[in-house]
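Worksheet: the structure to be examined is printed underneath.
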Amino acid sequence: MDATESETGPNLLGFRINHRTMRADTRRLADLLNRVATGQITYDRRRAGALRTYVSLLCDGVHHHHRMEDEVLWPVLARSASGEIDLRELSDDHAALEPVLTETRAAVDDLLAVVTSGDEAGERTRVAAGRLAAALAHLRDLLDEHIEEEERLVFPVIRRYVSVEDWNAVERAVRRGGALRFELPRIERYAEPDELAELTRTAGPVLRLMLAALRPGFRRREALVFGGG
Ligand SMILES: [Fe+2]
């Protein structure tokens with residue numbers, strides 16, 4: 001994407017960063033949980049609770065993003081670019097994500113329950129963390145493959161056939177159902193400086209104000225989950 005394209009056609013920057021954010025966070029969490037599973041990190045009740053919230057919100061975000069593609073973007077493509085793209089495999093990928101999200105949620109619930117029962121540094125915690133690490137690794141691999149394919153197949157079709165009005169309606173639908181308190185600070189975290197400058201330029205001062213308001217809470221949450229900071 002370049003500045004010229006963003007002025008004249010659908011601006012895919014927000015979507016691209018959203019994709020990157022889902023992939024990067026899933027990867028980061030899978031690595032983190034491997035360290036919990038091997039006993040390199042011990043989670044107390046508070047950190048396990050924060051982890052559960054973070055993983056649940058991530059799963060909500062992944063589910064919502066793909067549901068909006070099925071329900072809003074795909075119909076736009078069917079209308080604007082009929083015959084140009086076959087969405088069946090991508091839709092199958094979306095369906096395949098659901099059981100993995102369910103397993104991820106169940107595994108993080110289980111980890112919190114085990115830690116809360118007092119087994120913070122014990123074998124049961126390491127087993128529960130291993131289950132969660134495996135679910136997150138599976139989710140990471142599905143997202144990597146699916147998103148790369150989607151960006152390769154769908155993005156050029158959006159650029160070529162979808163109107164700016166239709167594209168903006170898709171983005172509004174995605175934003176409406178999303179947990180902005182969780183999503184916006186993560187976009188800020190994973191966007192490159194020039195991308196962030198473009199986002200704040202196109203979204204106006206409200207985005208800058210929201211980022212400033214949400215940043216401290218998110219950083220605290222992130223430090224609790226991932227350590228450091
Ligand atoms: Fe998708």
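Residues are referred to by chain and number: the chain letter is A, B, ... according to the order shown in the structure tokens, the number counts from 1 in that chain, and ligands are numbered separately from 1 in the order shown.
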
**Request:** Give me the residues within 7 Å of region 32-34 of chain A as JSON, numbers by chain, counting only C-alpha atoms and dropping any in the same chain fewer than 3 places off.
**Result:** {"A": [28, 29, 37, 38, 129, 130, 132, 133]}

Please identify every residue of chain A that has at least one atom no farther than 7 Å from an atom of ligand 1, counting only C-alpha atoms and all ligand atoms, and for each give the shortest atom pair and the distance in Å to one decimal, arranged by chain then increasing number, as a Markdown table.
```
| residue | atom | partner | partner_atom_place_in_ligand_line | distance |
| --- | --- | --- | --- | --- |
| A:His66 | CA | ligand 1 | 1 (Fe) | 5.1 |
| A:Glu69 | CA | ligand 1 | 1 (Fe) | 6.1 |
| A:Leu90 | CA | ligand 1 | 1 (Fe) | 6.3 |
| A:His94 | CA | ligand 1 | 1 (Fe) | 6.2 |
| A:His146 | CA | ligand 1 | 1 (Fe) | 6.5 |
| A:Ile147 | CA | ligand 1 | 1 (Fe) | 6.1 |
| A:Glu150 | CA | ligand 1 | 1 (Fe) | 6.1 |
```

**Message:** Need to verify the contact set: Thr42 (chain A), 7 Å, only C-alpha atoms, exclusion of same-chain residues closer than 6 positions in sequence. Can you return it as JSON, numbers by chain?
**Reply:** {"A": [36, 120, 121]}

Would you save the residues of that selection, restricted to N, CA, C and O atoms, as a CSV table (one decimal), in the first residue's frame?
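Now in selection.csv:
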```csv
chain,number,residue,atom,x,y,z
A,36,VAL,N,5.7,-21.1,30.4
A,36,VAL,CA,5.0,-21.5,31.7
A,36,VAL,C,5.0,-23.0,31.8
A,36,VAL,O,5.2,-23.6,32.8
A,120,GLU,N,0.2,-23.2,41.9
A,120,GLU,CA,0.9,-22.2,41.0
A,120,GLU,C,2.1,-22.7,40.4
A,120,GLU,O,2.4,-22.4,39.2
A,121,ALA,N,2.9,-23.4,41.1
A,121,ALA,CA,4.2,-23.9,40.5
A,121,ALA,C,4.2,-25.4,40.3
A,121,ALA,O,5.3,-26.0,40.2
```

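Surrounding region 211-216 of chain A within 6 Å are Pro185, Arg208 and Arg219 of chain A, with only C-alpha atoms counted and residues fewer than 3 positions along the same chain left out.
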
Saved selection, atoms kept: N, CA and C atoms, as a tab-separated table (two decimals), in the first residue's frame:
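Result file result18.tsv:
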```
chain	number	residue	atom	x	y	z
A	185	PRO	N	-5.24	-0.14	21.42
A	185	PRO	CA	-3.85	-0.10	21.89
A	185	PRO	C	-2.98	-1.15	21.23
A	208	ARG	N	-6.29	9.73	18.17
A	208	ARG	CA	-5.14	10.09	19.00
A	208	ARG	C	-5.54	10.19	20.48
A	219	ARG	N	-1.07	-0.99	28.85
A	219	ARG	CA	0.33	-1.33	29.19
A	219	ARG	C	0.41	-2.08	30.51
```

**Asked** Which of these residues is nearest to Tyr161 (chain A), using only C-alpha atoms: A:Gly9, A:Pro193, A:Gly177, A:Gly14?
**Response**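 Of all the options, A:Gly9 lies closest to Tyr161 (chain A).
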
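Of the listed residues A:Leu101, A:Val174, A:Ala81, A:Leu73, the one whose atoms come nearest to Arg160 (chain A) is A:Ala81, with distances taken using only C-alpha atoms.
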
**Request:** Would you mind telling me which residue in A:Leu12, A:Leu77, A:Thr104, A:Arg23 lies nearest to Ser56 (chain A) when using only C-alpha atoms?
**Result:** A:Thr104

**Prompt:** Using only C-alpha atoms, which residues sit within 9 Å of Asn18 (chain A) once same-chain residues fewer than 4 positions away are excluded, as a ChimeraX atom specification?
**Reply:** /A:13-14,22-23,65,183,186-187,190

Could you dump the residues just selected with all heavy atoms as a CSV table (one decimal), in the first residue's frame?
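Dumped to out_27.csv:
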```csv
chain,number,residue,atom,x,y,z
A,13,LEU,N,-5.1,-0.4,5.1
A,13,LEU,CA,-4.1,-0.4,6.2
A,13,LEU,C,-4.6,-0.9,7.5
A,13,LEU,O,-4.0,-1.7,8.2
A,13,LEU,CB,-3.6,1.1,6.3
A,13,LEU,CG,-2.5,1.3,7.4
A,13,LEU,CD1,-1.3,0.4,7.1
A,13,LEU,CD2,-2.1,2.7,7.5
A,14,GLY,N,-5.8,-0.5,7.9
A,14,GLY,CA,-6.4,-0.9,9.2
A,14,GLY,C,-6.5,-2.4,9.3
A,14,GLY,O,-6.2,-3.1,10.3
A,22,MET,N,-3.4,-9.8,15.3
A,22,MET,CA,-3.9,-11.2,15.7
A,22,MET,C,-2.8,-12.2,15.6
A,22,MET,O,-2.6,-13.0,16.5
A,22,MET,CB,-5.1,-11.6,14.7
A,22,MET,CG,-6.3,-10.8,14.9
A,22,MET,SD,-7.7,-11.5,14.0
A,22,MET,CE,-7.4,-10.9,12.4
A,23,ARG,N,-2.0,-12.2,14.5
A,23,ARG,CA,-1.0,-13.2,14.3
A,23,ARG,C,0.1,-13.0,15.3
A,23,ARG,O,0.6,-14.0,16.0
A,23,ARG,CB,-0.4,-13.0,12.9
A,23,ARG,CG,-1.3,-13.4,11.8
A,23,ARG,CD,-0.8,-13.1,10.4
A,23,ARG,NE,0.4,-14.0,10.1
A,23,ARG,CZ,1.0,-13.9,9.0
A,23,ARG,NH1,0.7,-13.1,8.0
A,23,ARG,NH2,2.0,-14.8,8.7
A,65,HIS,N,-13.7,-10.7,13.8
A,65,HIS,CA,-13.1,-10.3,12.6
A,65,HIS,C,-13.5,-11.2,11.4
A,65,HIS,O,-13.9,-10.8,10.3
A,65,HIS,CB,-11.5,-10.3,12.7
A,65,HIS,CG,-10.8,-10.0,11.4
A,65,HIS,ND1,-10.5,-8.6,11.1
A,65,HIS,CD2,-10.4,-10.7,10.4
A,65,HIS,CE1,-9.9,-8.6,9.9
A,65,HIS,NE2,-9.8,-9.9,9.5
A,183,GLU,N,-8.6,-3.5,21.3
A,183,GLU,CA,-8.1,-3.5,19.9
A,183,GLU,C,-7.2,-2.3,19.6
A,183,GLU,O,-6.1,-2.4,19.0
A,183,GLU,CB,-9.3,-3.5,18.9
A,183,GLU,CG,-10.2,-4.8,19.0
A,183,GLU,CD,-9.5,-6.1,18.6
A,183,GLU,OE1,-8.5,-6.0,17.9
A,183,GLU,OE2,-10.0,-7.1,19.1
A,186,ARG,N,-3.6,-2.3,20.8
A,186,ARG,CA,-2.8,-3.3,20.2
A,186,ARG,C,-2.4,-2.9,18.7
A,186,ARG,O,-1.4,-3.2,18.2
A,186,ARG,CB,-3.5,-4.6,20.2
A,186,ARG,CG,-3.5,-5.2,21.6
A,186,ARG,CD,-4.5,-6.3,21.8
A,186,ARG,NE,-4.4,-7.4,21.0
A,186,ARG,CZ,-5.2,-7.8,20.1
A,186,ARG,NH1,-6.3,-7.0,19.8
A,186,ARG,NH2,-5.0,-8.9,19.4
A,187,ILE,N,-3.3,-2.2,18.1
A,187,ILE,CA,-3.0,-1.6,16.8
A,187,ILE,C,-1.8,-0.7,16.9
A,187,ILE,O,-0.9,-0.7,16.1
A,187,ILE,CB,-4.2,-0.9,16.2
A,187,ILE,CG1,-5.2,-2.0,15.7
A,187,ILE,CG2,-3.9,0.0,15.0
A,187,ILE,CD1,-6.5,-1.5,15.1
A,190,TYR,N,1.5,-2.6,17.3
A,190,TYR,CA,2.0,-3.4,16.2
A,190,TYR,C,2.1,-2.6,14.9
A,190,TYR,O,2.7,-3.1,13.9
A,190,TYR,CB,1.2,-4.7,15.9
A,190,TYR,CG,1.3,-5.7,17.0
A,190,TYR,CD1,0.3,-6.0,17.9
A,190,TYR,CD2,2.5,-6.4,17.1
A,190,TYR,CE1,0.5,-6.9,18.9
A,190,TYR,CE2,2.7,-7.3,18.1
A,190,TYR,CZ,1.7,-7.6,19.0
A,190,TYR,OH,1.9,-8.5,20.0
```

**Request:** Record the distance separating CA of Thr21 (chain A) and CA of Arg221 (chain A), expressed in Å with one decimal.
**Result:**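 CA of Arg221 (chain A) lies 16.2 Å from CA of Thr21 (chain A).
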
**Proximity to Arg131 (chain A) - best of A:Val62, A:Ala107, A:Ala169, A:Val115, only C-alpha atoms** =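 Closest residue, counting only C-alpha atoms: A:Ala107.
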
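Counting only C-alpha atoms and comparing A:Ala24, A:Met210, A:Leu57, A:Leu153, the residue that lies closest to Asp86 (chain A) is A:Leu153.
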
**Message:** Show me, as number ranges by chain, the residues that have an atom within 12 Å of Met68 (chain A) when counting only C-alpha atoms, minus same-chain residues fewer than 4 positions from it.
**Reply:** A: 15, 61-64, 72-76, 91, 94, 169-178

**Message:** Measuring between only C-alpha atoms, which one of A:Leu199, A:Leu143, A:Ala179, A:Leu112 shows the shortest distance to Ile17 (chain A)?
**Reply:**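 Of A:Leu199, A:Leu143, A:Ala179, A:Leu112, the one nearest Ile17 (chain A), counting only C-alpha atoms, is A:Leu199.
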
**Prompt:** How far is it from CA of Val55 (chain A) to CA of Thr200 (chain A), in Å with one decimal?
**Reply:**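 Spanning CA of Val55 (chain A) to CA of Thr200 (chain A) is a straight-line distance of 27.0 Å.
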